[in-house]
Amino acid sequence: MTTEQSAPTPEQRLTTLRELLIHRPPMARELPAFEVAQAPADPAELFVDWLLAAMRGGVPDAQVLTLGTAGLDGTPDARIVTLRDVDPANGEWWFWGELHSAKGRQLAADPRAALTWYWPALGRQVRVRGAVRAGSVAAAGETFRLLSPKSRAASLVGRQSEPLEEVAQFRAAWAAAERELAADQGIVAAGYTQYAVRAEEVEFWQGADDRRHVRLAYRRPAGTGEWTRGVLWP
């Protein structure tokens with residue numbers, strides 16, 4: 001005869017969580033070294049090296065980042081988006097979004113953003129901050145046509161962040177988007193926009209299992225094209 005165990009109470013679950021938060025520290029594993037003296041003068045070059053290392057090392061969704069913006073009421077806002085390109089010549093990091101989505105409206109009102117990557121397997125974090133500009137409509141159309149059919153269908157559905165009353169509405173909109181694609185492979189979603197963050201600050205953070213983390217910050221003063229850099233206290 002077996003005795004059924006009762007499910008833990010909310011208080012017990014919270015106690016367990018608090019114990020794990022204290023006794024299971026992050027980055028308690030061997031991690032790569034970061035020799036700042038060997039870092040290149042251009043942060044975009046170092047970023048490309050780190051992203052390639054993450055992607056080749058099998059880090060899932062290494063190109064995915066957290067995009068931080070200022071809400072229309074001034075409060076911080078953030079969401080996950082995908083990096084689409086890096087332009088070292090201009091110091092720009094590119095992502096795409098819907099012009100009329102929440103992030104599109106926020107960037108129109110306050111064209112500044114923060115980008116953050118974290119690759120747990122490597123204990124590495126990269127932060128980028130700067131002014132945002134929208135790319136050309138023609139370039140956005142060219143990029144849109146290179147996306148997978150599912151990604152194009154999702155963009156054609158649109159209405160991002162709007163309330164959804166019934167799941168059936170979404171399914172119907174998706175089916176309609178797939179019919180549009182089938183009828184016209186050259187179609188481009190209205191409002192599909194590419195955004196570039198022209199970096200003014202880029203920071204590289206390498207974690208260490210002994211907690212002696214390493215931080216290297218690049219700065220580009222407004223009106224100049226020259227980068228300065230320095231190590232920060234971790």
# chains A, B, ... in the order shown; residues from 1 in each chain; ligands from 1
call {"tool": "residues_around", "arguments": {"residues": "region 185-195 of chain A", "least_positions_apart": "3", "cutoff": "10 Å", "atoms": "only C-alpha atoms", "output": "number ranges by chain"}}
result
A: 84, 92-101, 104, 107, 111, 132-137, 139-145, 149, 152-158, 177, 180-182, 198
call {"tool": "closest_residue", "arguments": {"among": "A:Gly91, A:Ala41, A:Leu122, A:Asp85", "to": "Ala217 (chain A)", "atoms": "only C-alpha atoms"}}
result
A:Ala41
call {"tool": "select_by_dssp", "arguments": {"residues": "chain A", "states": "strand (DSSP E or B)", "output": "JSON, numbers by chain"}}
result
{"A": [64, 65, 66, 67, 68, 69, 70, 76, 77, 78, 79, 80, 81, 82, 83, 84, 85, 86, 87, 92, 93, 94, 95, 96, 97, 98, 112, 113, 114, 115, 116, 117, 118, 119, 124, 125, 126, 127, 128, 129, 130, 131, 132, 133, 134, 192, 193, 194, 195, 196, 197, 198, 199, 200, 201, 202, 203, 204, 205, 206, 214, 215, 216, 217, 218, 219, 228, 229, 230, 231, 232]}
call {"tool": "select_by_dssp", "arguments": {"residues": "region 41-192 of chain A", "states": "alpha helix (DSSP H)", "output": "number ranges by chain"}}
result
A: 43-56, 102-109, 137-144, 149-157, 167-183
call {"tool": "write_last_selection", "arguments": {"atoms": "C-alpha atoms", "output": "mmCIF file, in the first residue's frame"}}
result
data_model
loop_
_atom_site.group_PDB
_atom_site.id
_atom_site.type_symbol
_atom_site.label_atom_id
_atom_site.label_comp_id
_atom_site.auth_asym_id
_atom_site.auth_seq_id
_atom_site.Cartn_x
_atom_site.Cartn_y
_atom_site.Cartn_z
ATOM 1 C CA PRO A 43 33.383 46.987 -30.164
ATOM 2 C CA ALA A 44 31.448 45.708 -33.184
ATOM 3 C CA GLU A 45 34.397 43.504 -34.087
ATOM 4 C CA LEU A 46 34.501 42.024 -30.599
ATOM 5 C CA PHE A 47 30.726 41.542 -30.637
ATOM 6 C CA VAL A 48 30.920 39.594 -33.901
ATOM 7 C CA ASP A 49 33.605 37.359 -32.367
ATOM 8 C CA TRP A 50 31.510 36.699 -29.264
ATOM 9 C CA LEU A 51 28.296 36.063 -31.201
ATOM 10 C CA LEU A 52 30.041 33.680 -33.596
ATOM 11 C CA ALA A 53 31.533 31.827 -30.618
ATOM 12 C CA ALA A 54 28.084 31.495 -29.071
ATOM 13 C CA MET A 55 26.423 30.317 -32.284
ATOM 14 C CA ARG A 56 29.214 27.896 -33.201
ATOM 15 C CA ALA A 102 4.002 49.084 -28.946
ATOM 16 C CA LYS A 103 7.754 49.176 -29.552
ATOM 17 C CA GLY A 104 7.256 50.960 -32.882
ATOM 18 C CA ARG A 105 5.193 53.688 -31.235
ATOM 19 C CA GLN A 106 7.666 53.972 -28.376
ATOM 20 C CA LEU A 107 10.634 54.330 -30.712
ATOM 21 C CA ALA A 108 8.791 56.956 -32.736
ATOM 22 C CA ALA A 109 8.261 58.992 -29.567
ATOM 23 C CA VAL A 137 11.194 50.983 -47.011
ATOM 24 C CA ALA A 138 12.952 49.393 -49.991
ATOM 25 C CA ALA A 139 15.564 47.674 -47.823
ATOM 26 C CA ALA A 140 12.858 46.427 -45.458
ATOM 27 C CA GLY A 141 11.001 44.908 -48.398
ATOM 28 C CA GLU A 142 14.114 43.126 -49.626
ATOM 29 C CA THR A 143 14.758 41.664 -46.175
ATOM 30 C CA PHE A 144 11.128 40.670 -45.704
ATOM 31 C CA PRO A 149 7.189 31.647 -44.861
ATOM 32 C CA LYS A 150 6.148 31.353 -41.203
ATOM 33 C CA SER A 151 7.897 34.599 -40.277
ATOM 34 C CA ARG A 152 6.288 36.416 -43.224
ATOM 35 C CA ALA A 153 2.870 35.038 -42.308
ATOM 36 C CA ALA A 154 3.307 36.232 -38.725
ATOM 37 C CA SER A 155 4.122 39.736 -39.970
ATOM 38 C CA LEU A 156 1.168 39.755 -42.344
ATOM 39 C CA VAL A 157 -1.135 38.837 -39.462
ATOM 40 C CA VAL A 167 -8.040 32.114 -30.412
ATOM 41 C CA ALA A 168 -10.231 31.382 -33.445
ATOM 42 C CA GLN A 169 -9.681 34.969 -34.617
ATOM 43 C CA PHE A 170 -5.922 34.426 -34.662
ATOM 44 C CA ARG A 171 -6.259 31.146 -36.543
ATOM 45 C CA ALA A 172 -8.468 32.796 -39.143
ATOM 46 C CA ALA A 173 -6.025 35.712 -39.550
ATOM 47 C CA TRP A 174 -3.137 33.278 -39.944
ATOM 48 C CA ALA A 175 -4.977 31.296 -42.618
ATOM 49 C CA ALA A 176 -5.740 34.539 -44.457
ATOM 50 C CA ALA A 177 -2.054 35.537 -44.285
ATOM 51 C CA GLU A 178 -0.982 32.204 -45.757
ATOM 52 C CA ARG A 179 -3.447 32.680 -48.613
ATOM 53 C CA GLU A 180 -1.985 36.130 -49.284
ATOM 54 C CA LEU A 181 1.513 34.661 -49.447
ATOM 55 C CA ALA A 182 0.417 31.886 -51.754
ATOM 56 C CA ALA A 183 -1.199 34.419 -54.092
#
call {"tool": "closest_residue", "arguments": {"among": "A:Leu115, A:Thr224, A:Arg212, A:Pro8", "to": "Thr82 (chain A)", "atoms": "only C-alpha atoms"}}
result
A:Leu115
call {"tool": "closest_residue", "arguments": {"among": "A:Gln206, A:Arg129, A:Pro32, A:Ala196", "to": "Gly57 (chain A)", "atoms": "only C-alpha atoms"}}
result
A:Pro32
